[in-house]
Amino acid sequence: MKQAVLTGEHFLTGDVACAEGALAAGCLFFGGYPITPATEIAERMSERLPEIGGTFIQMEDEIAAMASILGASWAGKKTMTATSGPGFSLMMENIGLGIVTETPCVVVNVQRAGPSTGLPTQGAQADMMQARWGSHGHYEIIALAPASPQEIFYQTIEAFNLSEKYRIPVLIMSDEIVGHMSERVSIPAEKDIVTVSRTAPKGRKDRFKPFQPGPNGVAPMPAAGQGYNVHITGLTHDEKGYPVMTVEAQEEMMARITGKIRRNLDDIIRTESYRLEDAEIAVISYGVSSRTSLAAVDEARNLGIKAGLLRLITVWPFPEEQIRQLARRVKKMITVEINLGQICLEVQRCAGGRIPVTLVGHAGGTIISPERVVAELKEAVSS
Amino acid sequence: MEFWRVPLDAHEIEVTKGIVYIIEDRCKGCGYCIEFCPRQVLEFSPGFNVKGYHPPAAVKPKECVNCHYCEIICPEFAIYSVEAPFSDQPAGVLP
Amino acid sequence: MIETASRIKQPEHPLDDLLRTDRIPHIWCPGCGIGTVFSSCLIAMKNSGLNLQKMAMVSGIGCSGRAAGYVAMDSFHTTHGRAIPFATGLKLGNPELNVVVFSGDGDLFAIGGNHFIHAARRNMDLTVICVNNLNYGMTGGQMAATTPHLAKTTTTPMGNPEAPFNLPLLAYAAGATYISRWTILHTRDLTRSIDTALKRKGFSFIEVLSPCPVNYGRRNKEKAFDSLKLYQDKGIIKNGANPSEIEMDFEKGITLGDFLDVDRPTCIEQYDKTCRLI
């Protein structure tokens, strides 16, 4: 048996670092389907999982891949799948099943330019709203955005920890650029990696309710075969898991699955501030575009522009409070993302008309150059 | 049934007797148990159950041979038979 | 209240320990055969001698998909068509589990057809029980991939212009290693087949013809008893029949029986042998 954690210094692509992060987090099942630019994650997992006692399966499509990781999660395993836009669309219905059945799992979307087949080998960040609202019905979701191979390694571990803690599918919104760039990745010693596993039920098995929330709003979760005889359904259900077709049951269930996220925002949301202390213009960005933004902020400072960066590590749930507070301090906000305005809309909503919020974005296919952001910053101070 | 030949040792073989139990409120009145009972033990009862269906009633309870066919054809888990401890057991009905 | 003698003596229904009795009566219509197939499945499970705690049932969407909600074991009511890939994950996640997929013809063969053939190809260790009622019952009786040619449904009001699947042939071609077909009238044979399927390894497929008097029957002048009579009159038991010669023909005859039982390494066995080079 080989080691799950490859402690040491490596030169890895974002996709491979993501796979290694999953293994370090304790992932033992991967159900996948090939798609550019996420294929390398599946390839790495197909090689690594069997050697550490896990299982890799290439399913017949992304719908099946998503269904299989939910099934394996109920078998007690930490599970993951990885895909890109078209596959992400196919996974949506079962992501909804994962949300309503409170099933921990991790879904990686290595974003490429869409719509439809789009630019399969070229990056974008245009699935951000799909990540939030892609499955039907109202729900809360957790989505993280990595900016480098090193970060995706850690974020994948974090994604597993959050999904296990809150019994929810967690999305990693990577992109082709991060997925395919090779950089130095340090993998720490196994003992230095913090991993979280779902809470096991206690007490009488016959009285156990798989959806009765514990102190943090999340119910403990047994695995199939442990004698809890759970019933799990995508229908609206009560704490016992039984379908109940009433408005009251719907309200109660919705309060449960949204409340566990909304009441724990401080624990879930992570952002990073850079030179924001005295900033007059705040750049809001995430994922690969935050690297562009970082370079642009430094360049703007050299030009005497008081710019700063708020990097969103957690994109969903949206860091509303952080943006609101920032909107009281700065004169203008610029959102940088590879789409035609998605997170920008959220920033505008949170700024509440208090200050102008503009977008530096494009239709997808390549990284946004720092020059474009600097130009926008210059424009902002001159207007 | 009338075309069947009678085995030569039929008189020596003791036929198992059964007691039919009916859980009336589970019944939806499909009548499969009545139709397919090999001994015509059952008939629709004139009364209604809580759902408004006519459940079966054992009209010839002594005829039951405990073949369980009513039990396995019933889609509702509403009827079953158990082996009678002695031959003249009457049929039972769940209140 | 004074308990009457007969009430005290009344034993429980022999399957009550495997049922979520607090959810019975179930939602299936009067005369619907799903309950009989379900009952047959529970009898087979109970009499199999297998550890029921290590058994799980997975269903998709539709009338038959509700079965998972009535069995007192780990049970999963998933999305439409996706019972098989969910079950695949469950089984691979814990190979000790004995996983039964209980669903309908629409779920398994139209929306979920792709998953069926691939699970059969892999020889995934699953028992797939398909209740075939020839139409989509839950949504009110629409045409399915199994609806006979010219049969009337709400989406084929002039009669079905299409040809139906021959399910055992499909399973055979895809690589299933155990295949049978029964009707709800042949419940003893059905129970025996399910018992065999539960105890063997590999992908087992059992098709069960079952009446849908409320939707399919009503539009095709077929009352519940007519369906059962049809099964009795036209059902021909022919074990080992060639799956390519058993297209369902309600005029000439419906071939029933155990058609195939062959040994082939399962998905898990092959994975362990090929990928786990220790």
# chains A, B, ... in the order shown; residues from 1 in each chain; ligands from 1
>>> interface_residues(of="chain C", to="chain B", cutoff="10 Å", atoms="only C-alpha atoms", output="VMD selection string")
chain C and resid 4 6 to 16 19 21 24 to 40 43 184 to 188 191 224 to 225 228
>>> residues_around(residues="Thr13 in chain A", least_positions_apart="6", cutoff="10 Å", atoms="only C-alpha atoms", output="VMD selection string")
chain A and resid 40 to 41 148 to 150 152 177 to 185
>>> write_last_selection(atoms="N, CA and C atoms", output="PDB file, in the first residue's frame")
ATOM      1  N   GLU A  40      -7.349  15.393 -16.293  1.00  0.00           N
ATOM      2  CA  GLU A  40      -6.145  15.005 -15.556  1.00  0.00           C
ATOM      3  C   GLU A  40      -6.444  14.667 -14.099  1.00  0.00           C
ATOM      4  N   ILE A  41      -7.516  15.223 -13.567  1.00  0.00           N
ATOM      5  CA  ILE A  41      -7.870  14.887 -12.174  1.00  0.00           C
ATOM      6  C   ILE A  41      -8.283  13.415 -12.127  1.00  0.00           C
ATOM      7  N   SER A 148      -4.253  28.908  -7.559  1.00  0.00           N
ATOM      8  CA  SER A 148      -2.959  28.320  -7.930  1.00  0.00           C
ATOM      9  C   SER A 148      -2.977  26.832  -7.596  1.00  0.00           C
ATOM     10  N   PRO A 149      -2.049  26.070  -8.163  1.00  0.00           N
ATOM     11  CA  PRO A 149      -1.957  24.647  -7.802  1.00  0.00           C
ATOM     12  C   PRO A 149      -1.780  24.441  -6.298  1.00  0.00           C
ATOM     13  N   GLN A 150      -0.943  25.274  -5.667  1.00  0.00           N
ATOM     14  CA  GLN A 150      -0.773  25.124  -4.223  1.00  0.00           C
ATOM     15  C   GLN A 150      -2.099  25.376  -3.499  1.00  0.00           C
ATOM     16  N   ILE A 152      -5.171  25.072  -4.704  1.00  0.00           N
ATOM     17  CA  ILE A 152      -6.200  24.052  -4.958  1.00  0.00           C
ATOM     18  C   ILE A 152      -5.914  22.810  -4.119  1.00  0.00           C
ATOM     19  N   ILE A 177      -7.076  27.543 -16.585  1.00  0.00           N
ATOM     20  CA  ILE A 177      -5.760  28.155 -16.419  1.00  0.00           C
ATOM     21  C   ILE A 177      -5.086  27.599 -15.162  1.00  0.00           C
ATOM     22  N   VAL A 178      -5.798  27.585 -14.071  1.00  0.00           N
ATOM     23  CA  VAL A 178      -5.248  27.017 -12.829  1.00  0.00           C
ATOM     24  C   VAL A 178      -5.043  25.512 -13.000  1.00  0.00           C
ATOM     25  N   GLY A 179      -5.998  24.870 -13.657  1.00  0.00           N
ATOM     26  CA  GLY A 179      -5.939  23.414 -13.828  1.00  0.00           C
ATOM     27  C   GLY A 179      -4.723  22.961 -14.605  1.00  0.00           C
ATOM     28  N   HIS A 180      -4.334  23.752 -15.591  1.00  0.00           N
ATOM     29  CA  HIS A 180      -3.239  23.335 -16.465  1.00  0.00           C
ATOM     30  C   HIS A 180      -1.908  24.022 -16.185  1.00  0.00           C
ATOM     31  N   MET A 181      -1.875  24.953 -15.243  1.00  0.00           N
ATOM     32  CA  MET A 181      -0.568  25.574 -14.954  1.00  0.00           C
ATOM     33  C   MET A 181       0.223  24.691 -13.995  1.00  0.00           C
ATOM     34  N   SER A 182       1.536  24.643 -14.212  1.00  0.00           N
ATOM     35  CA  SER A 182       2.394  23.868 -13.313  1.00  0.00           C
ATOM     36  C   SER A 182       3.136  24.823 -12.402  1.00  0.00           C
ATOM     37  N   GLU A 183       3.072  24.520 -11.118  1.00  0.00           N
ATOM     38  CA  GLU A 183       3.781  25.353 -10.143  1.00  0.00           C
ATOM     39  C   GLU A 183       4.270  24.467  -9.008  1.00  0.00           C
ATOM     40  N   ARG A 184       5.062  25.098  -8.171  1.00  0.00           N
ATOM     41  CA  ARG A 184       5.561  24.381  -7.008  1.00  0.00           C
ATOM     42  C   ARG A 184       4.397  24.138  -6.029  1.00  0.00           C
ATOM     43  N   VAL A 185       4.290  22.890  -5.573  1.00  0.00           N
ATOM     44  CA  VAL A 185       3.270  22.551  -4.576  1.00  0.00           C
ATOM     45  C   VAL A 185       3.956  21.846  -3.418  1.00  0.00           C
TER      46      VAL A 185
END
>>> select_by_dssp(residues="range 15-84 of chain B", states="alpha helix (DSSP H)", output="JSON, numbers by chain")
{"B": [32, 33, 34, 35, 36, 69, 70, 71, 72, 73]}
>>> write_last_selection(atoms="N, CA, C and O atoms", output="compact mmCIF listing (two decimals), in the first residue's frame")
# COMPACT_ATOMS: atom_id res chain seq x y z
N TYR B 32 -57.71 -9.95 -5.89
CA TYR B 32 -56.80 -11.00 -6.38
C TYR B 32 -56.83 -12.24 -5.48
O TYR B 32 -56.82 -13.37 -5.97
N CYS B 33 -56.88 -12.01 -4.18
CA CYS B 33 -56.87 -13.15 -3.25
C CYS B 33 -58.12 -14.01 -3.44
O CYS B 33 -58.06 -15.23 -3.38
N ILE B 34 -59.24 -13.32 -3.69
CA ILE B 34 -60.51 -14.03 -3.85
C ILE B 34 -60.47 -14.86 -5.14
O ILE B 34 -60.78 -16.05 -5.15
N GLU B 35 -60.03 -14.21 -6.21
CA GLU B 35 -60.01 -14.85 -7.52
C GLU B 35 -59.06 -16.05 -7.57
O GLU B 35 -59.37 -17.07 -8.18
N PHE B 36 -57.91 -15.89 -6.94
CA PHE B 36 -56.89 -16.92 -7.13
C PHE B 36 -56.77 -17.92 -5.97
O PHE B 36 -55.89 -18.76 -5.98
N TYR B 69 -51.02 -18.54 -1.10
CA TYR B 69 -51.07 -17.82 -2.38
C TYR B 69 -51.72 -16.44 -2.23
O TYR B 69 -51.28 -15.46 -2.82
N CYS B 70 -52.76 -16.36 -1.40
CA CYS B 70 -53.40 -15.05 -1.16
C CYS B 70 -52.37 -14.07 -0.59
O CYS B 70 -52.32 -12.90 -0.96
N GLU B 71 -51.52 -14.61 0.28
CA GLU B 71 -50.50 -13.79 0.95
C GLU B 71 -49.50 -13.24 -0.06
O GLU B 71 -49.11 -12.07 0.01
N ILE B 72 -49.09 -14.09 -1.00
CA ILE B 72 -48.04 -13.62 -1.92
C ILE B 72 -48.58 -12.87 -3.12
O ILE B 72 -47.86 -12.08 -3.73
N ILE B 73 -49.85 -13.06 -3.47
CA ILE B 73 -50.40 -12.30 -4.60
C ILE B 73 -50.91 -10.94 -4.12
O ILE B 73 -51.02 -9.99 -4.89
>>> interface_residues(of="chain A", to="chain C", cutoff="8 Å", atoms="only C-alpha atoms", output="PyMOL selection string")
chain A and resi 1+29+31+50-51+55+59-60+63-65+67-77+93-94+97+224-234+242
>>> residues_around(residues="Ala84 in chain B", least_positions_apart="3", cutoff="6 Å", atoms="only C-alpha atoms", output="compact mmCIF listing (two decimals) with all heavy atoms, in the first residue's frame")
# COMPACT_ATOMS: atom_id res chain seq x y z
N LYS B 17 -53.91 -27.55 7.21
CA LYS B 17 -55.00 -26.59 7.37
C LYS B 17 -54.40 -25.23 7.74
O LYS B 17 -53.38 -25.17 8.42
CB LYS B 17 -55.96 -27.04 8.48
CG LYS B 17 -56.74 -28.28 8.13
CD LYS B 17 -57.87 -27.95 7.19
CE LYS B 17 -58.59 -29.22 6.73
NZ LYS B 17 -59.53 -28.94 5.64
N GLY B 18 -55.05 -24.20 7.29
CA GLY B 18 -54.54 -22.87 7.60
C GLY B 18 -55.60 -21.97 8.19
O GLY B 18 -56.80 -22.24 8.10
N ILE B 19 -55.12 -20.92 8.80
CA ILE B 19 -56.03 -19.88 9.28
C ILE B 19 -55.72 -18.63 8.47
O ILE B 19 -54.56 -18.21 8.39
CB ILE B 19 -55.81 -19.56 10.77
CG1 ILE B 19 -55.78 -20.83 11.59
CG2 ILE B 19 -56.88 -18.60 11.28
CD1 ILE B 19 -55.33 -20.60 13.03
>>> decode(residues="range 54-65 of chain B", atoms="all heavy atoms", output="mmCIF file, in the first residue's frame")
data_model
loop_
_atom_site.group_PDB
_atom_site.id
_atom_site.type_symbol
_atom_site.label_atom_id
_atom_site.label_comp_id
_atom_site.auth_asym_id
_atom_site.auth_seq_id
_atom_site.Cartn_x
_atom_site.Cartn_y
_atom_site.Cartn_z
ATOM 1 N N HIS B 54 -64.231 -2.797 -0.148
ATOM 2 C CA HIS B 54 -64.751 -4.044 0.423
ATOM 3 C C HIS B 54 -63.593 -5.016 0.589
ATOM 4 O O HIS B 54 -63.074 -5.517 -0.402
ATOM 5 C CB HIS B 54 -65.787 -4.681 -0.516
ATOM 6 C CG HIS B 54 -67.040 -3.875 -0.674
ATOM 7 N ND1 HIS B 54 -67.971 -3.759 0.332
ATOM 8 C CD2 HIS B 54 -67.514 -3.156 -1.712
ATOM 9 C CE1 HIS B 54 -68.968 -2.992 -0.081
ATOM 10 N NE2 HIS B 54 -68.714 -2.601 -1.327
ATOM 11 N N PRO B 55 -63.172 -5.283 1.805
ATOM 12 C CA PRO B 55 -62.093 -6.266 1.973
ATOM 13 C C PRO B 55 -62.643 -7.686 1.826
ATOM 14 O O PRO B 55 -63.864 -7.875 1.853
ATOM 15 C CB PRO B 55 -61.608 -6.007 3.403
ATOM 16 C CG PRO B 55 -62.775 -5.413 4.099
ATOM 17 C CD PRO B 55 -63.627 -4.731 3.084
ATOM 18 N N PRO B 56 -61.769 -8.661 1.662
ATOM 19 C CA PRO B 56 -62.273 -10.031 1.582
ATOM 20 C C PRO B 56 -62.680 -10.544 2.968
ATOM 21 O O PRO B 56 -62.259 -10.006 3.988
ATOM 22 C CB PRO B 56 -61.075 -10.811 1.059
ATOM 23 C CG PRO B 56 -59.894 -10.037 1.530
ATOM 24 C CD PRO B 56 -60.311 -8.597 1.561
ATOM 25 N N ALA B 57 -63.504 -11.575 2.972
ATOM 26 C CA ALA B 57 -63.849 -12.260 4.207
ATOM 27 C C ALA B 57 -63.707 -13.750 3.942
ATOM 28 O O ALA B 57 -63.960 -14.212 2.824
ATOM 29 C CB ALA B 57 -65.278 -11.921 4.615
ATOM 30 N N ALA B 58 -63.279 -14.489 4.960
ATOM 31 C CA ALA B 58 -63.139 -15.940 4.806
ATOM 32 C C ALA B 58 -64.506 -16.576 5.007
ATOM 33 O O ALA B 58 -64.959 -16.736 6.135
ATOM 34 C CB ALA B 58 -62.126 -16.476 5.796
ATOM 35 N N VAL B 59 -65.173 -16.896 3.890
ATOM 36 C CA VAL B 59 -66.519 -17.459 4.009
ATOM 37 C C VAL B 59 -66.485 -18.969 4.200
ATOM 38 O O VAL B 59 -67.427 -19.564 4.692
ATOM 39 C CB VAL B 59 -67.395 -17.090 2.791
ATOM 40 C CG1 VAL B 59 -67.746 -15.606 2.805
ATOM 41 C CG2 VAL B 59 -66.727 -17.478 1.484
ATOM 42 N N LYS B 60 -65.367 -19.588 3.755
ATOM 43 C CA LYS B 60 -65.229 -21.030 3.985
ATOM 44 C C LYS B 60 -63.883 -21.283 4.661
ATOM 45 O O LYS B 60 -62.979 -21.878 4.082
ATOM 46 C CB LYS B 60 -65.324 -21.783 2.656
ATOM 47 C CG LYS B 60 -66.732 -21.771 2.055
ATOM 48 C CD LYS B 60 -66.848 -22.738 0.887
ATOM 49 C CE LYS B 60 -66.357 -22.095 -0.386
ATOM 50 N NZ LYS B 60 -66.450 -22.980 -1.570
ATOM 51 N N PRO B 61 -63.740 -20.775 5.876
ATOM 52 C CA PRO B 61 -62.419 -20.814 6.521
ATOM 53 C C PRO B 61 -61.857 -22.223 6.670
ATOM 54 O O PRO B 61 -60.650 -22.419 6.623
ATOM 55 C CB PRO B 61 -62.672 -20.155 7.877
ATOM 56 C CG PRO B 61 -64.140 -20.213 8.094
ATOM 57 C CD PRO B 61 -64.769 -20.166 6.741
ATOM 58 N N LYS B 62 -62.729 -23.194 6.829
ATOM 59 C CA LYS B 62 -62.232 -24.555 7.048
ATOM 60 C C LYS B 62 -61.571 -25.141 5.809
ATOM 61 O O LYS B 62 -60.876 -26.139 5.872
ATOM 62 C CB LYS B 62 -63.390 -25.462 7.495
ATOM 63 C CG LYS B 62 -63.776 -25.217 8.930
ATOM 64 C CD LYS B 62 -64.887 -26.129 9.376
ATOM 65 C CE LYS B 62 -65.304 -25.776 10.793
ATOM 66 N NZ LYS B 62 -66.589 -26.398 11.133
ATOM 67 N N GLU B 63 -61.828 -24.520 4.660
ATOM 68 C CA GLU B 63 -61.259 -25.016 3.406
ATOM 69 C C GLU B 63 -59.796 -24.617 3.214
ATOM 70 O O GLU B 63 -59.117 -25.140 2.345
ATOM 71 C CB GLU B 63 -62.068 -24.469 2.217
ATOM 72 C CG GLU B 63 -63.487 -25.009 2.114
ATOM 73 C CD GLU B 63 -63.492 -26.496 1.764
ATOM 74 O OE1 GLU B 63 -62.832 -26.861 0.773
ATOM 75 O OE2 GLU B 63 -64.138 -27.267 2.491
ATOM 76 N N CYS B 64 -59.331 -23.644 3.981
ATOM 77 C CA CYS B 64 -57.965 -23.114 3.778
ATOM 78 C C CYS B 64 -56.921 -24.206 4.000
ATOM 79 O O CYS B 64 -56.948 -24.910 5.005
ATOM 80 C CB CYS B 64 -57.690 -21.935 4.726
ATOM 81 S SG CYS B 64 -55.995 -21.316 4.594
ATOM 82 N N VAL B 65 -56.017 -24.340 3.008
ATOM 83 C CA VAL B 65 -54.964 -25.347 3.112
ATOM 84 C C VAL B 65 -53.593 -24.703 3.358
ATOM 85 O O VAL B 65 -52.556 -25.328 3.168
ATOM 86 C CB VAL B 65 -54.919 -26.243 1.857
ATOM 87 C CG1 VAL B 65 -56.171 -27.105 1.782
ATOM 88 C CG2 VAL B 65 -54.767 -25.410 0.588
#
